[in-house]
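What follows is the content of query-v7.pdb (PDB, C-alpha atoms).
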ATOM      1  CA  MET A   1     -39.664  -3.410  -6.971
ATOM      2  CA  SER A   2     -43.000  -4.130  -5.372
ATOM      3  CA  LYS A   3     -44.368  -2.315  -2.349
ATOM      4  CA  GLU A   4     -43.687  -5.369  -0.258
ATOM      5  CA  THR A   5     -39.937  -5.183  -0.774
ATOM      6  CA  LEU A   6     -37.521  -2.645   0.611
ATOM      7  CA  LEU A   7     -33.959  -2.128  -0.607
ATOM      8  CA  LEU A   8     -31.664  -2.329   2.426
ATOM      9  CA  PHE A   9     -28.207  -2.157   0.831
ATOM     10  CA  SER A  10     -26.565  -1.622  -2.532
ATOM     11  CA  ILE A  11     -23.010  -2.866  -2.263
ATOM     12  CA  PRO A  12     -20.640  -1.968  -5.104
ATOM     13  CA  VAL A  13     -18.546  -4.638  -6.833
ATOM     14  CA  TYR A  14     -15.215  -3.234  -7.975
ATOM     15  CA  ILE A  15     -13.205  -4.482 -10.929
ATOM     16  CA  GLN A  16     -10.273  -5.234  -8.579
ATOM     17  CA  SER A  17      -8.871  -4.274  -5.181
ATOM     18  CA  GLU A  18      -6.387  -1.454  -4.657
ATOM     19  CA  ASP A  19      -3.716  -4.013  -3.740
ATOM     20  CA  GLN A  20      -4.277  -5.914  -6.978
ATOM     21  CA  SER A  21      -4.099  -2.666  -8.912
ATOM     22  CA  ASN A  22      -0.821  -1.767  -7.175
ATOM     23  CA  GLU A  23       0.593  -5.225  -7.876
ATOM     24  CA  GLN A  24      -0.207  -4.825 -11.559
ATOM     25  CA  LEU A  25       1.476  -1.435 -11.591
ATOM     26  CA  ILE A  26       4.571  -2.853  -9.880
ATOM     27  CA  LYS A  27       4.771  -5.662 -12.471
ATOM     28  CA  LYS A  28       4.408  -3.145 -15.276
ATOM     29  CA  VAL A  29       7.103  -0.890 -13.790
ATOM     30  CA  ASN A  30       9.518  -3.797 -13.312
ATOM     31  CA  LYS A  31       9.026  -4.812 -16.940
ATOM     32  CA  ILE A  32       9.666  -1.283 -18.192
ATOM     33  CA  VAL A  33      12.787  -0.918 -16.040
ATOM     34  CA  SER A  34      14.210  -4.304 -17.067
ATOM     35  CA  ASN A  35      13.757  -3.241 -20.717
ATOM     36  CA  LEU A  36      15.502   0.038 -19.908
ATOM     37  CA  LYS A  37      18.364  -1.898 -18.314
ATOM     38  CA  LYS A  38      18.755  -3.916 -21.521
ATOM     39  CA  GLU A  39      18.815  -0.721 -23.589
ATOM     40  CA  TRP A  40      21.579   0.765 -21.411
ATOM     41  CA  LYS A  41      23.470  -2.511 -21.592
ATOM     42  CA  ASN A  42      23.175  -2.623 -25.376
ATOM     43  CA  ALA A  43      24.577   0.896 -25.457
ATOM     44  CA  GLY A  44      27.598  -0.393 -23.503
ATOM     45  CA  GLN A  45      26.713   1.349 -20.224
ATOM     46  CA  GLU A  46      25.248   0.406 -16.886
ATOM     47  CA  MET A  47      21.867   1.892 -16.017
ATOM     48  CA  PRO A  48      22.267   4.657 -13.377
ATOM     49  CA  PRO A  49      21.065   3.387  -9.956
ATOM     50  CA  GLU A  50      18.851   6.483  -9.566
ATOM     51  CA  ILE A  51      16.414   5.077 -12.121
ATOM     52  CA  GLU A  52      16.135   1.768 -10.257
ATOM     53  CA  SER A  53      15.682   3.462  -6.873
ATOM     54  CA  ASN A  54      13.046   5.925  -8.123
ATOM     55  CA  LYS A  55      11.223   3.646 -10.531
ATOM     56  CA  TYR A  56       7.982   3.282  -8.544
ATOM     57  CA  GLN A  57       7.794   6.964  -7.692
ATOM     58  CA  TYR A  58       8.398   7.961 -11.306
ATOM     59  CA  TYR A  59       6.051   5.502 -12.960
ATOM     60  CA  ASN A  60       3.389   6.010 -10.273
ATOM     61  CA  SER A  61       3.270   9.663 -11.222
ATOM     62  CA  LYS A  62       3.033   8.651 -14.867
ATOM     63  CA  TYR A  63       0.626   5.719 -14.879
ATOM     64  CA  TYR A  64      -1.228   5.660 -11.554
ATOM     65  CA  THR A  65      -4.954   6.258 -11.689
ATOM     66  CA  PRO A  66      -7.562   5.414  -9.009
ATOM     67  CA  TRP A  67      -9.978   4.491 -11.813
ATOM     68  CA  LYS A  68      -8.027   1.259 -12.314
ATOM     69  CA  TYR A  69      -9.381  -0.185  -9.081
ATOM     70  CA  ASN A  70     -12.202   2.184  -8.237
ATOM     71  CA  LYS A  71     -14.314   1.022 -11.159
ATOM     72  CA  VAL A  72     -17.756  -0.324 -10.215
ATOM     73  CA  ILE A  73     -18.782  -3.168 -12.508
ATOM     74  CA  GLY A  74     -21.816  -4.398 -10.610
ATOM     75  CA  TRP A  75     -23.887  -4.229  -7.447
ATOM     76  CA  ILE A  76     -24.934  -6.675  -4.774
ATOM     77  CA  GLU A  77     -28.277  -5.706  -3.344
ATOM     78  CA  ILE A  78     -29.931  -6.950  -0.173
ATOM     79  CA  LEU A  79     -33.711  -6.558  -0.196
ATOM     80  CA  TYR A  80     -36.142  -6.975   2.662
ATOM     81  CA  HIS A  81     -39.531  -8.573   2.050
ATOM     82  CA  THR A  82     -42.460  -7.959   4.406
ATOM     83  CA  SER A  83     -42.726 -11.714   4.975
ATOM     84  CA  LYS A  84     -39.537 -11.268   7.066
ATOM     85  CA  MET A  85     -37.274 -12.538   4.309
ATOM     86  CA  LEU A  86     -33.965 -11.173   3.113
ATOM     87  CA  ILE A  87     -33.379 -11.436  -0.615
ATOM     88  CA  PRO A  88     -30.047 -10.946  -2.385
ATOM     89  CA  ARG A  89     -29.683  -9.728  -5.927
ATOM     90  CA  ILE A  90     -26.607  -9.216  -8.097
ATOM     91  CA  TYR A  91     -26.551  -6.761 -10.921
ATOM     92  CA  PHE A  92     -23.609  -7.141 -13.183
ATOM     93  CA  ASP A  93     -22.414  -5.725 -16.453
ATOM     94  CA  GLU A  94     -22.074  -8.613 -18.865
ATOM     95  CA  ARG A  95     -19.991  -6.734 -21.382
ATOM     96  CA  GLU A  96     -16.235  -7.177 -21.298
ATOM     97  CA  ARG A  97     -15.602  -3.455 -21.179
ATOM     98  CA  TYR A  98     -17.596  -1.382 -18.735
ATOM     99  CA  ASP A  99     -18.527   2.061 -19.950
ATOM    100  CA  PRO A 100     -18.320   4.573 -17.081
ATOM    101  CA  ARG A 101     -20.950   6.766 -18.768
ATOM    102  CA  SER A 102     -23.514   3.993 -18.872
ATOM    103  CA  ASN A 103     -26.327   4.152 -16.352
ATOM    104  CA  TYR A 104     -27.699   1.579 -13.956
ATOM    105  CA  ASN A 105     -30.279   0.330 -16.504
ATOM    106  CA  ASN A 106     -27.557  -1.094 -18.717
ATOM    107  CA  ILE A 107     -26.537  -3.531 -16.031
ATOM    108  CA  THR A 108     -28.324  -6.866 -16.165
ATOM    109  CA  PRO A 109     -29.226  -8.991 -13.140
ATOM    110  CA  ILE A 110     -27.462 -12.325 -12.624
ATOM    111  CA  PHE A 111     -29.956 -13.682 -10.159
ATOM    112  CA  ASP A 112     -32.859 -11.947  -8.537
ATOM    113  CA  ILE A 113     -35.795 -12.311  -6.188
ATOM    114  CA  ASN A 114     -37.212 -15.238  -8.128
ATOM    115  CA  SER A 115     -34.376 -17.515  -7.087
ATOM    116  CA  MET A 116     -35.679 -18.886  -3.803
ATOM    117  CA  ASP A 117     -32.429 -20.653  -2.913
ATOM    118  CA  PHE A 118     -30.769 -17.443  -1.881
ATOM    119  CA  GLN A 119     -33.517 -16.060   0.318
ATOM    120  CA  ARG A 120     -33.088 -16.122   4.094
ATOM    121  CA  ASP A 121     -35.688 -16.067   6.811
ATOM    122  CA  ILE A 122     -35.077 -13.562   9.649
ATOM    123  CA  LYS A 123     -38.127 -14.262  11.765
ATOM    124  CA  ASN A 124     -37.365 -14.056  15.524
ATOM    125  CA  LYS A 125     -33.673 -13.442  14.873
ATOM    126  CA  THR A 126     -31.499 -11.136  16.975
ATOM    127  CA  ASN A 127     -29.470  -8.257  15.535
ATOM    128  CA  ASN A 128     -26.253 -10.273  15.649
ATOM    129  CA  GLU A 129     -27.863 -13.226  13.907
ATOM    130  CA  ILE A 130     -29.283 -10.992  11.163
ATOM    131  CA  ARG A 131     -25.882  -9.372  10.794
ATOM    132  CA  SER A 132     -24.161 -12.706  10.269
ATOM    133  CA  ILE A 133     -26.933 -13.814   7.864
ATOM    134  CA  ILE A 134     -26.394 -10.689   5.741
ATOM    135  CA  LEU A 135     -22.626 -11.163   5.788
ATOM    136  CA  GLN A 136     -23.101 -14.774   4.687
ATOM    137  CA  MET A 137     -25.458 -13.649   1.907
ATOM    138  CA  VAL A 138     -22.902 -11.131   0.700
ATOM    139  CA  GLN A 139     -20.184 -13.810   0.832
ATOM    140  CA  ASP A 140     -22.407 -16.206  -1.164
ATOM    141  CA  ALA A 141     -22.982 -13.462  -3.715
ATOM    142  CA  ILE A 142     -19.218 -12.803  -3.901
ATOM    143  CA  ASP A 143     -18.607 -16.511  -4.510
ATOM    144  CA  ARG A 144     -20.981 -16.331  -7.474
ATOM    145  CA  LEU A 145     -19.247 -13.392  -9.150
ATOM    146  CA  PRO A 146     -18.020 -14.336 -12.628
ATOM    147  CA  ARG A 147     -14.365 -13.406 -11.998
ATOM    148  CA  ASP A 148     -12.212 -14.212  -8.964
ATOM    149  CA  TYR A 149     -10.487 -10.847  -8.895
ATOM    150  CA  PHE A 150     -13.676  -8.768  -8.585
ATOM    151  CA  TYR A 151     -13.572  -7.028  -5.235
ATOM    152  CA  VAL A 152     -16.177  -6.236  -2.586
ATOM    153  CA  ASP A 153     -15.191  -4.303   0.515
ATOM    154  CA  THR A 154     -16.647  -6.688   3.128
ATOM    155  CA  GLU A 155     -14.951  -4.849   6.011
ATOM    156  CA  GLN A 156     -16.945  -1.733   5.240
ATOM    157  CA  ILE A 157     -20.188  -3.732   5.177
ATOM    158  CA  ASP A 158     -19.297  -5.335   8.504
ATOM    159  CA  ASN A 159     -18.686  -1.905  10.053
ATOM    160  CA  LEU A 160     -21.965  -0.619   8.664
ATOM    161  CA  LEU A 161     -23.952  -3.620   9.923
ATOM    162  CA  SER A 162     -22.540  -3.310  13.430
ATOM    163  CA  THR A 163     -24.186   0.119  13.723
ATOM    164  CA  MET A 164     -27.639  -0.977  12.544
ATOM    165  CA  ASP A 165     -30.703  -2.056  14.509
ATOM    166  CA  PHE A 166     -32.875  -4.525  12.602
ATOM    167  CA  SER A 167     -35.480  -4.995  15.312
ATOM    168  CA  SER A 168     -37.678  -2.250  13.840
ATOM    169  CA  LEU A 169     -38.032  -4.067  10.526
TER     170      LEU A 169
ATOM    171  CA  MET B   1      11.449  14.851  20.167
ATOM    172  CA  LEU B   2      11.089  11.062  20.105
ATOM    173  CA  ASN B   3       8.478  11.327  22.861
ATOM    174  CA  TYR B   4       6.674  14.010  20.901
ATOM    175  CA  LEU B   5       6.544  11.770  17.823
ATOM    176  CA  LYS B   6       5.322   8.846  19.923
ATOM    177  CA  ARG B   7       2.552  11.050  21.287
ATOM    178  CA  LEU B   8       1.713  12.092  17.737
ATOM    179  CA  PHE B   9       1.182   8.458  16.809
ATOM    180  CA  GLN B  10      -0.853   7.799  19.950
ATOM    181  CA  SER B  11      -3.040  10.910  19.726
ATOM    182  CA  SER B  12      -5.764   9.733  17.358
ATOM    183  CA  SER B  13      -8.518   7.650  18.856
ATOM    184  CA  ASN B  14     -10.527   5.821  16.201
ATOM    185  CA  LYS B  15     -10.041   2.118  15.489
ATOM    186  CA  GLN B  16      -8.503   2.440  12.041
ATOM    187  CA  ASN B  17      -5.937   4.960  13.265
ATOM    188  CA  GLU B  18      -5.124   2.783  16.268
ATOM    189  CA  GLU B  19      -4.356  -0.114  13.947
ATOM    190  CA  LEU B  20      -2.234   2.164  11.791
ATOM    191  CA  ASN B  21      -0.379   3.444  14.856
ATOM    192  CA  GLU B  22       0.336  -0.098  16.023
ATOM    193  CA  LYS B  23       1.622  -0.950  12.566
ATOM    194  CA  SER B  24       3.775   2.199  12.449
ATOM    195  CA  GLN B  25       5.284   1.550  15.873
ATOM    196  CA  SER B  26       6.005  -2.082  15.031
ATOM    197  CA  LEU B  27       7.574  -0.985  11.736
ATOM    198  CA  ILE B  28       9.766   1.596  13.471
ATOM    199  CA  GLU B  29      10.944  -0.888  16.115
ATOM    200  CA  ASN B  30      11.726  -3.534  13.495
ATOM    201  CA  ALA B  31      13.538  -1.130  11.179
ATOM    202  CA  VAL B  32      15.725   0.219  14.009
ATOM    203  CA  LYS B  33      16.490  -3.351  15.151
ATOM    204  CA  LEU B  34      17.368  -4.510  11.615
ATOM    205  CA  ILE B  35      19.794  -1.625  11.170
ATOM    206  CA  VAL B  36      21.302  -1.528  14.655
ATOM    207  CA  MET B  37      22.037  -5.292  14.573
ATOM    208  CA  GLN B  38      24.227  -4.699  11.509
ATOM    209  CA  VAL B  39      26.381  -2.102  13.265
ATOM    210  CA  VAL B  40      26.598  -3.874  16.593
ATOM    211  CA  ALA B  41      30.345  -4.422  16.106
ATOM    212  CA  ILE B  42      30.986  -0.670  15.951
ATOM    213  CA  PRO B  43      31.510   1.179  19.253
ATOM    214  CA  LYS B  44      28.483   3.312  20.136
ATOM    215  CA  GLU B  45      30.299   6.630  19.956
ATOM    216  CA  GLU B  46      31.536   5.882  16.432
ATOM    217  CA  ILE B  47      28.212   4.729  14.932
ATOM    218  CA  SER B  48      27.115   8.248  14.131
ATOM    219  CA  ASN B  49      30.309   9.035  12.188
ATOM    220  CA  GLU B  50      30.510   5.649  10.472
ATOM    221  CA  LEU B  51      26.955   5.905   9.177
ATOM    222  CA  ASN B  52      27.344   9.482   7.990
ATOM    223  CA  THR B  53      27.645   8.581   4.291
ATOM    224  CA  PRO B  54      25.117   8.880   1.450
ATOM    225  CA  PHE B  55      25.149   5.074   1.039
ATOM    226  CA  CYS B  56      24.130   4.496   4.669
ATOM    227  CA  ARG B  57      21.429   7.163   4.546
ATOM    228  CA  GLY B  58      20.169   5.591   1.313
ATOM    229  CA  TYR B  59      20.198   2.143   2.908
ATOM    230  CA  ILE B  60      18.087   3.282   5.863
ATOM    231  CA  TYR B  61      15.737   5.179   3.537
ATOM    232  CA  GLY B  62      15.331   2.243   1.133
ATOM    233  CA  LEU B  63      14.856  -0.304   3.907
ATOM    234  CA  THR B  64      12.129   1.837   5.458
ATOM    235  CA  GLU B  65      10.437   2.382   2.093
ATOM    236  CA  GLN B  66      10.276  -1.358   1.547
ATOM    237  CA  LEU B  67       9.016  -1.967   5.088
ATOM    238  CA  LEU B  68       6.234   0.584   4.519
ATOM    239  CA  SER B  69       5.171  -1.492   1.553
ATOM    240  CA  VAL B  70       5.428  -4.789   3.487
ATOM    241  CA  TYR B  71       3.344  -3.383   6.352
ATOM    242  CA  GLY B  72       0.784  -2.129   3.835
ATOM    243  CA  ILE B  73       1.004   1.441   5.134
ATOM    244  CA  ASN B  74       1.680   2.858   1.719
ATOM    245  CA  SER B  75       3.161   1.257  -1.334
ATOM    246  CA  ARG B  76       2.727   4.141  -3.704
ATOM    247  CA  LYS B  77       4.319   7.282  -2.370
ATOM    248  CA  ILE B  78       6.156   8.890   0.519
ATOM    249  CA  GLY B  79       3.807  11.378   2.160
ATOM    250  CA  ASN B  80       3.845  13.217   5.495
ATOM    251  CA  GLU B  81       3.014  10.163   7.553
ATOM    252  CA  GLU B  82       5.660   8.040   5.847
ATOM    253  CA  LEU B  83       8.223  10.804   6.305
ATOM    254  CA  THR B  84       7.368  10.948  10.024
ATOM    255  CA  ILE B  85       8.055   7.210  10.259
ATOM    256  CA  ILE B  86      11.377   7.615   8.418
ATOM    257  CA  LEU B  87      12.279  10.530  10.721
ATOM    258  CA  THR B  88      11.486   8.476  13.821
ATOM    259  CA  ILE B  89      13.707   5.653  12.554
ATOM    260  CA  PHE B  90      16.594   8.063  11.943
ATOM    261  CA  ILE B  91      16.105   9.457  15.458
ATOM    262  CA  GLY B  92      16.034   5.913  16.831
ATOM    263  CA  ILE B  93      19.423   5.210  15.227
ATOM    264  CA  PHE B  94      21.271   8.514  15.505
ATOM    265  CA  GLY B  95      19.639  10.047  18.563
ATOM    266  CA  GLU B  96      17.455  13.099  18.899
ATOM    267  CA  ASN B  97      20.061  15.690  17.956
ATOM    268  CA  GLU B  98      21.531  14.196  14.814
ATOM    269  CA  GLY B  99      18.644  12.034  13.627
ATOM    270  CA  SER B 100      16.485  14.842  12.273
ATOM    271  CA  ALA B 101      19.425  16.454  10.431
ATOM    272  CA  ARG B 102      20.383  13.124   8.837
ATOM    273  CA  CYS B 103      16.776  12.465   7.861
ATOM    274  CA  GLY B 104      16.565  15.929   6.290
ATOM    275  CA  LYS B 105      19.715  15.221   4.319
ATOM    276  CA  ALA B 106      18.376  11.827   3.200
ATOM    277  CA  SER B 107      15.100  13.409   2.057
ATOM    278  CA  LYS B 108      17.018  16.018   0.115
ATOM    279  CA  GLU B 109      19.148  13.324  -1.493
ATOM    280  CA  ALA B 110      16.010  11.345  -2.386
ATOM    281  CA  GLU B 111      14.561  14.474  -3.967
ATOM    282  CA  LEU B 112      17.731  15.185  -5.981
ATOM    283  CA  SER B 113      17.906  11.557  -6.987
ATOM    284  CA  TYR B 114      14.332  11.815  -8.295
ATOM    285  CA  TYR B 115      15.220  14.924 -10.276
ATOM    286  CA  LYS B 116      18.161  13.076 -11.747
ATOM    287  CA  THR B 117      15.826  10.239 -12.758
ATOM    288  CA  LEU B 118      13.558  12.790 -14.438
ATOM    289  CA  SER B 119      16.530  14.255 -16.283
ATOM    290  CA  LEU B 120      17.637  10.793 -17.411
ATOM    291  CA  LEU B 121      14.223   9.545 -18.496
ATOM    292  CA  GLU B 122      12.694  12.730 -19.794
ATOM    293  CA  ALA B 123      15.805  14.730 -20.663
ATOM    294  CA  GLN B 124      14.738  17.815 -18.717
ATOM    295  CA  PRO B 125      17.083  20.587 -19.853
ATOM    296  CA  ASN B 126      17.387  22.918 -16.846
ATOM    297  CA  PHE B 127      18.513  20.350 -14.349
ATOM    298  CA  GLU B 128      21.890  20.410 -12.648
ATOM    299  CA  VAL B 129      23.038  17.561 -10.452
ATOM    300  CA  VAL B 130      24.772  18.777  -7.309
ATOM    301  CA  ASN B 131      27.213  16.186  -5.947
ATOM    302  CA  GLY B 132      26.248  13.590  -8.542
ATOM    303  CA  ASP B 133      28.463  10.909  -6.976
ATOM    304  CA  GLU B 134      26.802  11.300  -3.594
ATOM    305  CA  ILE B 135      23.368  10.921  -5.146
ATOM    306  CA  GLU B 136      24.522   7.814  -6.966
ATOM    307  CA  GLU B 137      25.851   6.369  -3.689
ATOM    308  CA  PHE B 138      22.574   7.221  -1.996
ATOM    309  CA  ALA B 139      20.650   5.444  -4.778
ATOM    310  CA  LYS B 140      22.866   2.348  -4.478
ATOM    311  CA  GLY B 141      22.256   2.196  -0.728
ATOM    312  CA  ARG B 142      18.534   2.711  -1.241
ATOM    313  CA  ILE B 143      18.316  -0.164  -3.725
ATOM    314  CA  LEU B 144      20.251  -2.495  -1.408
ATOM    315  CA  GLY B 145      18.119  -1.535   1.601
ATOM    316  CA  GLY B 146      14.990  -2.237  -0.417
ATOM    317  CA  LYS B 147      16.291  -5.599  -1.658
ATOM    318  CA  ASN B 148      17.236  -6.834   1.822
ATOM    319  CA  ILE B 149      13.687  -6.685   3.173
ATOM    320  CA  PRO B 150      11.820  -9.127   0.857
ATOM    321  CA  ASN B 151      14.554 -11.727   1.502
ATOM    322  CA  PHE B 152      14.105 -11.242   5.252
ATOM    323  CA  TYR B 153      10.337 -11.777   5.088
ATOM    324  CA  ASN B 154      10.395 -14.550   2.472
ATOM    325  CA  ASP B 155      13.142 -16.870   3.674
ATOM    326  CA  GLY B 156      14.331 -15.268   6.898
ATOM    327  CA  THR B 157      17.688 -14.090   5.498
ATOM    328  CA  THR B 158      18.975 -11.461   7.908
ATOM    329  CA  PRO B 159      19.717  -8.124   6.198
ATOM    330  CA  VAL B 160      23.502  -7.694   6.082
ATOM    331  CA  GLY B 161      23.938  -5.146   3.271
ATOM    332  CA  LEU B 162      24.900  -2.280   5.553
ATOM    333  CA  GLY B 163      27.226  -4.421   7.690
ATOM    334  CA  LYS B 164      29.034  -5.714   4.595
ATOM    335  CA  TYR B 165      29.406  -2.198   3.187
ATOM    336  CA  LEU B 166      30.895  -0.927   6.459
ATOM    337  CA  ALA B 167      33.237  -3.934   6.717
ATOM    338  CA  GLN B 168      34.475  -3.459   3.132
ATOM    339  CA  ARG B 169      35.013   0.276   3.666
ATOM    340  CA  ASN B 170      37.092  -0.268   6.758
TER     341      ASN B 170
END

In structure tokens, how does this file's structure come out?
Amino acid sequence: MSKETLLLFSIPVYIQSEDQSNEQLIKKVNKIVSNLKKEWKNAGQEMPPEIESNKYQYYNSKYYTPWKYNKVIGWIEILYHTSKMLIPRIYFDERERYDPRSNYNNITPIFDINSMDFQRDIKNKTNNEIRSIILQMVQDAIDRLPRDYFYVDTEQIDNLLSTMDFSSL
Amino acid sequence: MLNYLKRLFQSSSNKQNEELNEKSQSLIENAVKLIVMQVVAIPKEEISNELNTPFCRGYIYGLTEQLLSVYGINSRKIGNEELTIILTIFIGIFGENEGSARCGKASKEAELSYYKTLSLLEAQPNFEVVNGDEIEEFAKGRILGGKNIPNFYNDGTTPVGLGKYLAQRN
């Protein structure tokens, strides 16, 4: 990064949202329980209702892990250039499987400061205007992520931006 | 006690908690409505006795569990906050005196039912089921309560599981 650019934000891109992770778990649990039901049926008995009513609680305790959704697979960065320009950059791990022990250097950029199309001018813009420009940049970056289910917490960014004063830039 | 619980929900001030409180209160109101409308044919003084069965407690518990998931409050586990919501619903149905006792009983039955699940799935040796039939009834009610909610939100089918059970029993 040159002296003329300043990193404003690094926004994590997660492998999936918590809701998606929960949905997957629910599907998995339902599959396991329907197989169990078949086993009981094959044995000539009906599956006890306790198993059905406690299935999520039981399998949550067995299979749930926050790592399933809390896994960062890339970063969206917003840089500020002294020529009053905002520049987005996406770093993303191109490998299918992301190694949690790998460091930031192993992640390759998808597009960076050289791509002029994504840069935005913030000359003579108010705080609110800059805020909506950044949100739009983040949304554009999200649209360019390689998978639909990758998740970025835009609400958190919105909350953060509402507390910031860009006039001193 | 109901007022105390309402105050508890209203006490926190930040935006996220306010949203959560609104959700919780809406959930509680809806759950009480959905259950009370099924027992509207029963005289008020008899409701408490009629609903004093493991099946009914299970139904209320299961319905609330499913609503918690629908409202996005928590779809993974029943913690303190979720238990407070369940307690408030029981109080809303049975009144301040009996509601908390019924909720305590339902929680105990849910706990025993979970232990029974553990014993069935993991064959834990030192487990004894107390009142096994009651726990089974509770589980049946809980499943039915849980099943009624998605139908209500998907195609508007009014939950009638509890009403049907009471009608068949009488």

Could you give me, as a Markdown table, every chain A residue with an atom at most 7 Å from chain B, plus its closest atom pair and distance in Å to one decimal, counting all atoms listed in the file, rows ordered by chain then number?
| residue | atom | partner | partner_atom | distance |
| --- | --- | --- | --- | --- |
| A:Pro49 | CA | B:Ala139 | CA | 5.6 |
| A:Glu50 | CA | B:Ala139 | CA | 5.2 |
| A:Ile51 | CA | B:Thr117 | CA | 5.2 |
| A:Ser53 | CA | B:Ile143 | CA | 5.5 |
| A:Asn54 | CA | B:Tyr114 | CA | 6.0 |
| A:Gln57 | CA | B:Lys77 | CA | 6.4 |
| A:Asn60 | CA | B:Arg76 | CA | 6.9 |

- Query: Hey, what comes out of the PyMOL selection byres ((chain B and resi 31-48) around 9) on this file? Could you write it as a count of residues only?
  - Reply: 28

- Explicit residue set for the PyMOL selection byres ((chain A and resi 74) around 6), as a list of chain:residue names: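 What the PyMOL selection byres ((chain A and resi 74) around 6) grabs from the file is A:Val13, A:Val72, A:Ile73, A:Trp75, A:Tyr91, A:Phe92.
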
- CA of Gly79 (chain B) to CA of Ile149 (chain B), distance in Å rounded to a single decimal: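 Distance reported for this atom pair: 20.6 Å.
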
- Query: Can you list, as a list in words, the residues that the PyMOL selection byres ((chain A and resi 17) around 10) selects here?
  - Reply: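 Output of the PyMOL selection byres ((chain A and resi 17) around 10): Val13, Tyr14, Ile15, Gln16, Glu18, Asp19, Gln20, Ser21, Asn22, Glu23, Lys68, Tyr69, Asn70, Lys71, Tyr149, Phe150, Tyr151, Val152 and Asp153 of chain A.
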
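Put simply, CA of Glu39 (chain A) is 19.0 Å away from CA of Tyr56 (chain A).
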
- Query: Could you work out how far CA of Lys123 (chain A) lies from CA of Pro12 (chain A), giving the answer in Å with one decimal?
  - Reply: 27.2 Å

- Judged by all atoms listed in the file, the minimum distance to Tyr61 (chain B) among B:Ser107, B:Asn74, B:Asn21, B:Asn154 is found for B:Ser107

- Message: Using only C-alpha atoms, list the residues that have an atom at most 6 Å from (-32.1, -14.3, -0.5), coordinates as in the file, as a PyMOL selection string.
- Response: chain A and resi 86-88+118-120

- Message: Counting only C-alpha atoms, I want the residues whose atoms come within 12 Å of (-28.6, -10.2, 6.9) in the file frame, returned as a PyMOL selection string.
- Response: chain A and resi 8-9+77-80+84-88+118-123+125-140+157-158+160-162+164-166+169

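Among the candidate residues A:Ile142, A:Thr163, A:Arg147, A:Thr82, the one lying nearest to Lys3 (chain A) is A:Thr82, with distances computed using all atoms listed in the file.
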
Provide region 21-33 of chain A rebuilt to N, CA and C atoms, formatted as an mmCIF file, in the coordinates of the input.
data_model
loop_
_atom_site.group_PDB
_atom_site.id
_atom_site.type_symbol
_atom_site.label_atom_id
_atom_site.label_comp_id
_atom_site.auth_asym_id
_atom_site.auth_seq_id
_atom_site.Cartn_x
_atom_site.Cartn_y
_atom_site.Cartn_z
ATOM 1 N N SER A 21 -4.452 -3.725 -7.962
ATOM 2 C CA SER A 21 -4.099 -2.666 -8.912
ATOM 3 C C SER A 21 -2.635 -2.258 -8.732
ATOM 4 N N ASN A 22 -2.220 -2.134 -7.449
ATOM 5 C CA ASN A 22 -0.821 -1.767 -7.175
ATOM 6 C C ASN A 22 0.133 -2.849 -7.656
ATOM 7 N N GLU A 23 -0.261 -4.111 -7.429
ATOM 8 C CA GLU A 23 0.593 -5.225 -7.876
ATOM 9 C C GLU A 23 0.798 -5.183 -9.384
ATOM 10 N N GLN A 24 -0.297 -4.909 -10.093
ATOM 11 C CA GLN A 24 -0.207 -4.825 -11.559
ATOM 12 C C GLN A 24 0.739 -3.710 -11.977
ATOM 13 N N LEU A 25 0.615 -2.573 -11.263
ATOM 14 C CA LEU A 25 1.476 -1.435 -11.591
ATOM 15 C C LEU A 25 2.942 -1.788 -11.342
ATOM 16 N N ILE A 26 3.196 -2.475 -10.209
ATOM 17 C CA ILE A 26 4.571 -2.853 -9.880
ATOM 18 C C ILE A 26 5.142 -3.786 -10.958
ATOM 19 N N LYS A 27 4.323 -4.749 -11.405
ATOM 20 C CA LYS A 27 4.771 -5.662 -12.471
ATOM 21 C C LYS A 27 5.111 -4.878 -13.739
ATOM 22 N N LYS A 28 4.217 -3.947 -14.059
ATOM 23 C CA LYS A 28 4.408 -3.145 -15.276
ATOM 24 C C LYS A 28 5.709 -2.336 -15.172
ATOM 25 N N VAL A 29 5.911 -1.709 -13.998
ATOM 26 C CA VAL A 29 7.103 -0.890 -13.790
ATOM 27 C C VAL A 29 8.360 -1.751 -13.904
ATOM 28 N N ASN A 30 8.336 -2.926 -13.264
ATOM 29 C CA ASN A 30 9.518 -3.797 -13.312
ATOM 30 C C ASN A 30 9.847 -4.205 -14.741
ATOM 31 N N LYS A 31 8.811 -4.433 -15.535
ATOM 32 C CA LYS A 31 9.026 -4.812 -16.940
ATOM 33 C C LYS A 31 9.669 -3.649 -17.699
ATOM 34 N N ILE A 32 9.121 -2.456 -17.486
ATOM 35 C CA ILE A 32 9.666 -1.283 -18.192
ATOM 36 C C ILE A 32 11.130 -1.083 -17.818
ATOM 37 N N VAL A 33 11.412 -1.182 -16.498
ATOM 38 C CA VAL A 33 12.787 -0.918 -16.040
ATOM 39 C C VAL A 33 13.749 -1.995 -16.530
#
